[in-house]
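Data block for start35.txt (compact mmCIF, C-alpha atoms):
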```txt
# COMPACT_ATOMS: atom_id res chain seq x y z
CA GLN A 1 86.06 -14.31 4.27
CA THR A 2 82.28 -14.79 4.12
CA MET A 3 81.29 -11.68 2.13
CA SER A 4 81.98 -10.59 -1.39
CA ALA A 5 81.23 -7.01 -2.43
CA ILE A 6 81.28 -5.11 -5.69
CA THR A 7 81.03 -1.32 -5.54
CA THR A 8 81.10 0.83 -8.65
CA ALA A 9 82.44 4.35 -8.94
CA GLY A 10 78.87 5.69 -8.88
CA GLY A 11 78.20 3.98 -5.55
CA ASN A 12 76.13 1.05 -6.83
CA LYS A 13 76.73 -2.09 -4.78
CA ILE A 14 76.36 -5.84 -5.01
CA HIS A 15 76.98 -7.64 -1.72
CA ILE A 16 76.89 -11.39 -1.13
CA GLU A 17 77.04 -12.69 2.44
CA ASP A 18 77.69 -16.38 3.22
CA LYS A 19 77.91 -16.21 7.01
CA ALA A 20 75.73 -18.82 8.67
CA GLY A 21 72.44 -17.28 9.74
CA SER A 22 73.09 -14.07 7.77
CA GLU A 23 73.11 -15.34 4.20
CA ARG A 24 71.90 -12.69 1.80
CA ILE A 25 72.36 -11.03 -1.57
CA LEU A 26 71.99 -7.24 -1.79
CA LEU A 27 71.70 -5.05 -4.87
CA HIS A 28 71.75 -1.39 -3.87
CA SER A 29 71.60 1.88 -5.85
CA PRO A 30 71.98 4.69 -3.26
CA ASN A 31 71.52 7.51 -5.76
CA GLN A 32 68.12 6.07 -6.79
CA ASN A 33 67.07 5.16 -3.24
CA SER A 34 66.39 1.59 -4.38
CA PHE A 35 67.59 -1.85 -3.33
CA ILE A 36 66.70 -5.52 -3.53
CA ARG A 37 67.63 -7.81 -0.69
CA ILE A 38 67.36 -11.58 -0.75
CA GLY A 39 67.94 -13.40 2.50
CA ALA A 40 68.72 -12.17 6.00
CA SER A 41 67.98 -8.59 6.93
CA ASN A 42 70.77 -6.01 6.94
CA ASP A 43 69.15 -3.40 4.77
CA PRO A 44 70.91 -0.18 3.80
CA SER A 45 69.46 3.17 4.72
CA VAL A 46 67.49 5.12 2.17
CA SER A 47 66.54 8.78 1.85
CA SER A 48 64.82 10.42 4.84
CA GLU A 49 61.85 10.87 2.50
CA TYR A 50 60.80 7.29 3.25
CA GLU A 51 61.47 7.30 6.98
CA GLY A 52 58.40 6.49 9.06
CA LEU A 53 56.55 4.85 6.16
CA ASN A 54 57.12 1.28 7.36
CA PHE A 55 53.78 0.13 8.76
CA PHE A 56 54.88 -3.45 9.42
CA PRO A 57 57.48 -5.04 11.72
CA GLU A 58 60.94 -5.45 10.20
CA LEU A 59 61.36 -8.88 8.64
CA THR A 60 64.58 -10.74 9.30
CA LYS A 61 64.34 -13.07 6.31
CA GLY A 62 62.91 -13.25 2.85
CA ILE A 63 63.06 -10.77 -0.03
CA LYS A 64 62.69 -7.02 0.27
CA GLU A 65 62.50 -4.46 -2.52
CA ILE A 66 62.47 -0.69 -2.10
CA THR A 67 62.42 1.93 -4.84
CA GLY A 68 61.43 5.55 -5.03
CA ASP A 69 60.30 5.26 -8.64
CA SER A 70 58.28 2.85 -10.77
CA PHE A 71 58.57 -0.93 -10.57
CA ASN A 72 57.87 -2.90 -13.75
CA VAL A 73 57.97 -6.67 -14.19
CA MET A 74 57.26 -8.57 -17.40
CA VAL A 75 57.20 -12.35 -17.33
CA GLY A 76 55.73 -15.10 -19.44
CA MET A 77 54.14 -16.90 -16.51
CA LYS A 78 53.82 -16.31 -12.79
CA ASN A 79 53.12 -18.87 -10.08
CA GLU A 80 52.66 -17.94 -6.43
CA PHE A 81 52.17 -20.26 -3.48
CA LEU A 82 51.85 -18.56 -0.11
CA LEU A 83 51.53 -20.37 3.19
CA GLY A 84 51.20 -17.19 5.22
CA PRO A 85 49.53 -13.79 5.00
CA ILE A 86 50.00 -11.29 2.18
CA THR A 87 49.55 -7.54 2.49
CA SER A 88 49.43 -5.04 -0.36
CA ILE A 89 48.92 -1.29 -0.07
CA VAL A 90 48.55 0.99 -3.09
CA ALA A 91 48.36 4.72 -2.44
CA GLY A 92 47.61 5.59 -6.06
CA LEU A 93 46.05 3.73 -8.97
CA ARG A 94 46.15 -0.05 -9.34
CA VAL A 95 45.19 -1.67 -12.65
CA TRP A 96 44.65 -5.40 -13.16
CA PHE A 97 44.22 -6.55 -16.74
CA THR A 98 43.49 -10.18 -17.61
CA ALA A 99 43.09 -11.18 -21.25
CA GLY A 100 42.16 -14.77 -20.42
CA ALA A 101 40.31 -16.41 -17.58
CA LEU A 102 40.66 -15.24 -13.99
CA VAL A 103 40.00 -17.61 -11.10
CA ASP A 104 39.90 -16.28 -7.56
CA CYS A 105 39.49 -19.03 -4.97
CA CYS A 106 39.14 -18.17 -1.29
CA LEU A 107 38.85 -21.02 1.22
CA GLY A 108 38.61 -18.72 4.23
CA ALA A 109 37.16 -15.35 5.09
CA LYS A 110 37.42 -12.55 2.53
CA LEU A 111 37.11 -8.85 3.34
CA GLU A 112 37.01 -6.09 0.72
CA PHE A 113 37.03 -2.44 1.74
CA GLN A 114 36.57 0.23 -0.94
CA LEU A 115 36.88 3.94 -0.30
CA PRO A 116 35.50 6.18 -1.59
CA GLU A 117 34.07 4.27 -4.54
CA ALA A 118 34.50 1.27 -6.82
CA PHE A 119 33.64 0.92 -10.52
CA THR A 120 33.01 -2.48 -12.11
CA ILE A 121 32.35 -3.00 -15.83
CA LYS A 122 31.49 -6.58 -16.83
CA ASN A 123 30.02 -8.31 -19.83
CA GLY A 124 28.73 -11.11 -17.61
CA HIS A 125 28.77 -11.92 -13.95
CA VAL A 126 28.05 -15.12 -12.03
CA ASP A 127 28.19 -15.43 -8.24
CA VAL A 128 28.10 -18.82 -6.50
CA ALA A 129 28.30 -18.56 -2.75
CA SER A 130 26.88 -20.41 0.24
CA TYR A 131 26.88 -17.17 2.19
CA ASN A 132 27.32 -13.62 0.93
CA TRP A 133 27.32 -10.43 2.97
CA LYS A 134 28.09 -6.96 1.62
CA SER A 135 28.00 -3.63 3.36
CA TYR A 136 28.34 -0.35 1.47
CA ALA A 137 28.42 3.20 2.75
CA TRP A 138 27.78 4.31 -0.83
CA TRP A 139 27.25 1.98 -3.79
CA LEU A 140 27.36 3.05 -7.43
CA ARG A 141 27.33 0.77 -10.45
CA MET A 142 27.55 2.03 -13.99
CA TYR A 143 26.81 -0.19 -16.98
CA ASN A 144 27.12 1.81 -20.19
CA VAL A 145 25.48 -0.94 -22.24
CA GLN A 146 22.53 -1.39 -19.89
CA LYS A 147 21.99 2.24 -18.98
CA GLN A 148 19.56 2.88 -21.84
CA PHE A 149 17.78 -0.41 -21.14
CA TRP A 150 17.39 0.55 -17.51
CA GLY A 151 15.91 3.88 -18.60
CA GLN A 152 13.41 2.05 -20.82
CA THR A 153 12.66 -0.34 -17.97
CA ASP A 154 12.00 2.61 -15.69
CA ARG A 155 9.66 4.11 -18.28
CA ILE A 156 7.85 0.78 -18.68
CA VAL A 157 7.50 0.48 -14.92
CA ALA A 158 6.23 4.08 -14.78
CA GLN A 159 3.70 3.37 -17.56
CA LYS A 160 2.63 0.18 -15.78
CA ASN A 161 2.19 2.10 -12.55
CA GLN A 162 0.19 4.74 -14.42
CA ALA A 163 -1.99 2.04 -15.99
CA ILE A 164 -2.55 0.47 -12.58
CA THR A 165 -3.37 3.91 -11.17
CA ASP A 166 -5.84 4.59 -14.01
CA ARG A 167 -7.44 1.19 -13.52
CA MET A 168 -7.76 1.78 -9.80
CA GLN A 169 -9.26 5.22 -10.56
CA HIS A 170 -11.82 3.63 -12.92
CA GLU A 171 -12.64 1.00 -10.32
CA LEU A 172 -13.04 3.70 -7.70
CA GLU A 173 -15.32 5.65 -10.03
CA ALA A 174 -17.34 2.47 -10.72
CA ASP A 175 -17.57 1.77 -7.00
CA HIS A 176 -18.65 5.37 -6.45
CA ALA A 177 -21.37 4.98 -9.11
CA VAL A 178 -22.55 1.74 -7.48
CA LEU A 179 -22.64 3.48 -4.11
CA GLU A 180 -24.63 6.35 -5.64
CA ASN A 181 -27.09 3.84 -7.14
CA LEU A 182 -27.39 2.07 -3.81
CA ARG A 183 -27.92 5.42 -2.08
CA THR A 184 -30.64 6.31 -4.66
CA GLU A 185 -32.32 2.91 -4.21
CA GLY A 186 -32.14 3.38 -0.45
CA GLN A 187 -33.81 6.77 -0.79
CA ARG A 188 -36.49 5.20 -3.00
CA VAL A 189 -37.07 2.46 -0.43
CA ASP A 190 -37.30 5.09 2.31
CA THR A 191 -39.81 7.06 0.21
CA ALA A 192 -41.87 3.91 -0.48
CA GLU A 193 -41.79 3.06 3.22
CA GLN A 194 -42.96 6.57 4.06
CA ASN A 195 -45.74 6.26 1.46
CA VAL A 196 -46.80 2.90 2.91
CA GLN A 197 -46.76 4.41 6.40
CA THR A 198 -48.88 7.32 5.12
CA ASN A 199 -51.33 4.92 3.44
CA VAL A 200 -51.57 2.87 6.64
CA GLU A 201 -52.27 6.01 8.62
CA THR A 202 -54.87 7.09 6.01
CA MET A 203 -56.54 3.68 6.07
CA THR A 204 -56.56 3.77 9.87
CA ALA A 205 -58.21 7.22 9.77
CA ILE A 206 -60.76 5.96 7.21
CA GLY A 207 -61.46 2.94 9.42
CA ASN A 208 -61.99 5.26 12.38
CA ASP A 209 -64.32 7.45 10.27
CA LEU A 210 -66.27 4.37 9.12
CA HIS A 211 -66.56 3.23 12.71
CA THR A 212 -67.87 6.68 13.68
CA ILE A 213 -70.32 6.66 10.75
CA ALA A 214 -71.49 3.17 11.72
CA ASN A 215 -72.09 4.36 15.27
CA LYS A 216 -74.00 7.39 13.97
CA MET A 217 -76.03 5.18 11.62
CA ASN A 218 -76.87 2.92 14.55
CA ASP A 219 -78.04 6.01 16.47
CA VAL A 220 -80.09 7.18 13.45
CA SER A 221 -81.60 3.70 13.04
CA ALA A 222 -82.57 3.69 16.72
CA LYS A 223 -84.11 7.15 16.39
CA ILE A 224 -85.94 6.12 13.19
CA GLY A 225 -87.28 3.08 15.04
CA MET A 226 -88.48 5.29 17.88
CA ALA A 227 -90.03 7.70 15.35
CA GLY A 228 -91.83 4.75 13.74
CA VAL A 229 -93.23 3.75 17.12
CA HIS A 230 -94.40 7.32 17.74
CA MET A 231 -95.90 7.47 14.25
CA GLY A 232 -97.72 4.19 14.92
CA GLN A 233 -99.09 5.59 18.14
CA SER A 234 -100.06 8.81 16.30
CA GLY A 235 -101.91 6.70 13.70
CA VAL A 236 -103.86 4.99 16.45
CA HIS A 237 -104.79 8.37 17.92
CA LEU A 238 -105.77 9.65 14.47
CA HIS A 239 -107.97 6.57 13.97
CA ASP A 240 -109.60 7.23 17.33
CA SER A 241 -110.05 10.90 16.37
CA ALA A 242 -111.62 9.84 13.06
CA GLU A 243 -114.06 7.58 14.87
CA ALA A 244 -114.88 10.39 17.29
CA LEU A 245 -115.47 12.73 14.35
CA SER A 246 -117.66 10.08 12.70
CA ASN A 247 -119.66 9.72 15.89
CA ALA A 248 -119.94 13.48 16.10
CA GLY A 249 -121.26 13.52 12.51
CA VAL A 250 -123.86 10.92 13.45
CA HIS A 251 -124.91 12.93 16.44
CA ILE A 252 -125.02 16.06 14.26
CA GLY A 253 -127.14 14.10 11.71
CA ASN A 254 -129.44 12.96 14.48
CA ALA A 255 -129.68 16.50 15.73
CA GLY A 256 -130.67 17.63 12.21
CA VAL A 257 -133.39 15.04 12.12
CA HIS A 258 -134.63 16.16 15.45
CA VAL A 259 -134.55 19.78 14.22
CA GLU A 260 -136.56 18.83 11.13
CA GLU A 261 -139.04 16.98 13.26
CA ALA A 262 -139.34 19.91 15.57
CA SER A 263 -139.84 22.24 12.63
CA ALA A 264 -142.59 20.03 11.22
CA THR A 265 -144.34 19.96 14.56
CA ILE A 266 -144.16 23.72 14.81
CA LEU A 267 -145.64 24.09 11.33
CA GLN A 268 -148.48 21.79 12.25
CA ILE A 269 -149.35 23.91 15.21
```

Just give me the structure of the file as structure tokens.
Amino acid sequence: QTMSAITTAGGNKIHIEDKAGSERILLHSPNQNSFIRIGASNDPSVSSEYEGLNFFPELTKGIKEITGDSFNVMVGMKNEFLLGPITSIVAGLRVWFTAGALVDCCLGAKLEFQLPEAFTIKNGHVDVASYNWKSYAWWLRMYNVQKQFWGQTDRIVAQKNQAITDRMQHELEADHAVLENLRTEGQRVDTAEQNVQTNVETMTAIGNDLHTIANKMNDVSAKIGMAGVHMGQSGVHLHDSAEALSNAGVHIGNAGVHVEEASATILQI
């Protein structure tokens, strides 16, 4: 005899198996669809409601617990030391509450997958990692304490951006005024250059006129010189004419004398 069994009138069972290789202890409540098995696998069947929900290969050793209702454990202290993998699936809500310190140490790879969303509320947070990589399809963090501060920060940033924009606008206006002044000075320089060009052209025209006048004055001087020569020659001719007239007067005077002499002779006769 390697097995001891206790079965109550309601169908609850306690089985203890001592057979080598099949050692186990089984506590089974068929009406509640719950059991706890410690040791080798020889699990009782449960309601068809749970058929097909086993996602992992059947284990032949260890401890297995199945219940269709809640599972509550209260202990003063809990220590776990696992040398192999651990898998936990929660289809509903999972709540972890730690009143003291919580230390999570991972010496290998760590993968966290959250769907559809995760909420984290912390008073303080410190991350120390040699390498950190996170990928989120959608990331939302809510900090009730910092929400108002973030709003003020956004307003400060907006005001700072507005101040920068205003300053840039003033600088643009100042640059525009400088450009307008430069454009005005350029127009003034162009006008002065045009005036200088006009004055140069005027002075060139005056120089040409003076050259023409000088040529004309040279012509007039030459003509005046020629007129002076002609006048000198005319003076010589006038002097000759005066001498001829004087000679004529002498001859006329002589003729008068001869007439007087002739008249006296006639009177004597």

Requested in this report: Return the single residue from A:Lys13, A:Lys19, A:His176, A:Lys160 that is closest to Phe35 of chain A, with distances computed using all atoms listed in the file.
Outcome: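 With all atoms listed in the file as the atom set, the closest residue is A:Lys13.
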
Requested in this report: Can you work out which one of A:Thr98, A:Ser246, A:Thr67, A:Asn199 has the shortest atom-to-atom distance to Pro30 of chain A, counting only C-alpha atoms?
Outcome: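 Once distances to Pro30 of chain A are computed over only C-alpha atoms, the minimum belongs to A:Thr67.
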
Query raised in the report: In Å, how far is it from atom CA of Thr7 of chain A to atom CA of His28 of chain A?
Result: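 Going from atom CA of Thr7 of chain A over to atom CA of His28 of chain A covers 9.4 Å.
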
Requested in this report: Provide the atom CA of Asp43 of chain A to atom CA of Gly62 of chain A distance in Å, to one decimal place.
Outcome: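 Between atom CA of Asp43 of chain A and atom CA of Gly62 of chain A the gap works out to 11.8 Å.
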
Requested in this report: Give me, please, the distance in Å between atom CA of Gly11 of chain A and atom CA of Arg24 of chain A, quoted to one decimal.
Outcome: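 Value for the atom CA of Gly11 of chain A-atom CA of Arg24 of chain A distance: 19.3 Å.
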
Report task. Would you mind telling me which residue in A:Ser22, A:Ile224, A:Asn12, A:Glu17 lies nearest to Ser34 of chain A when using only C-alpha atoms? Result ->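 So, comparing all the options, the nearest one is A:Asn12.
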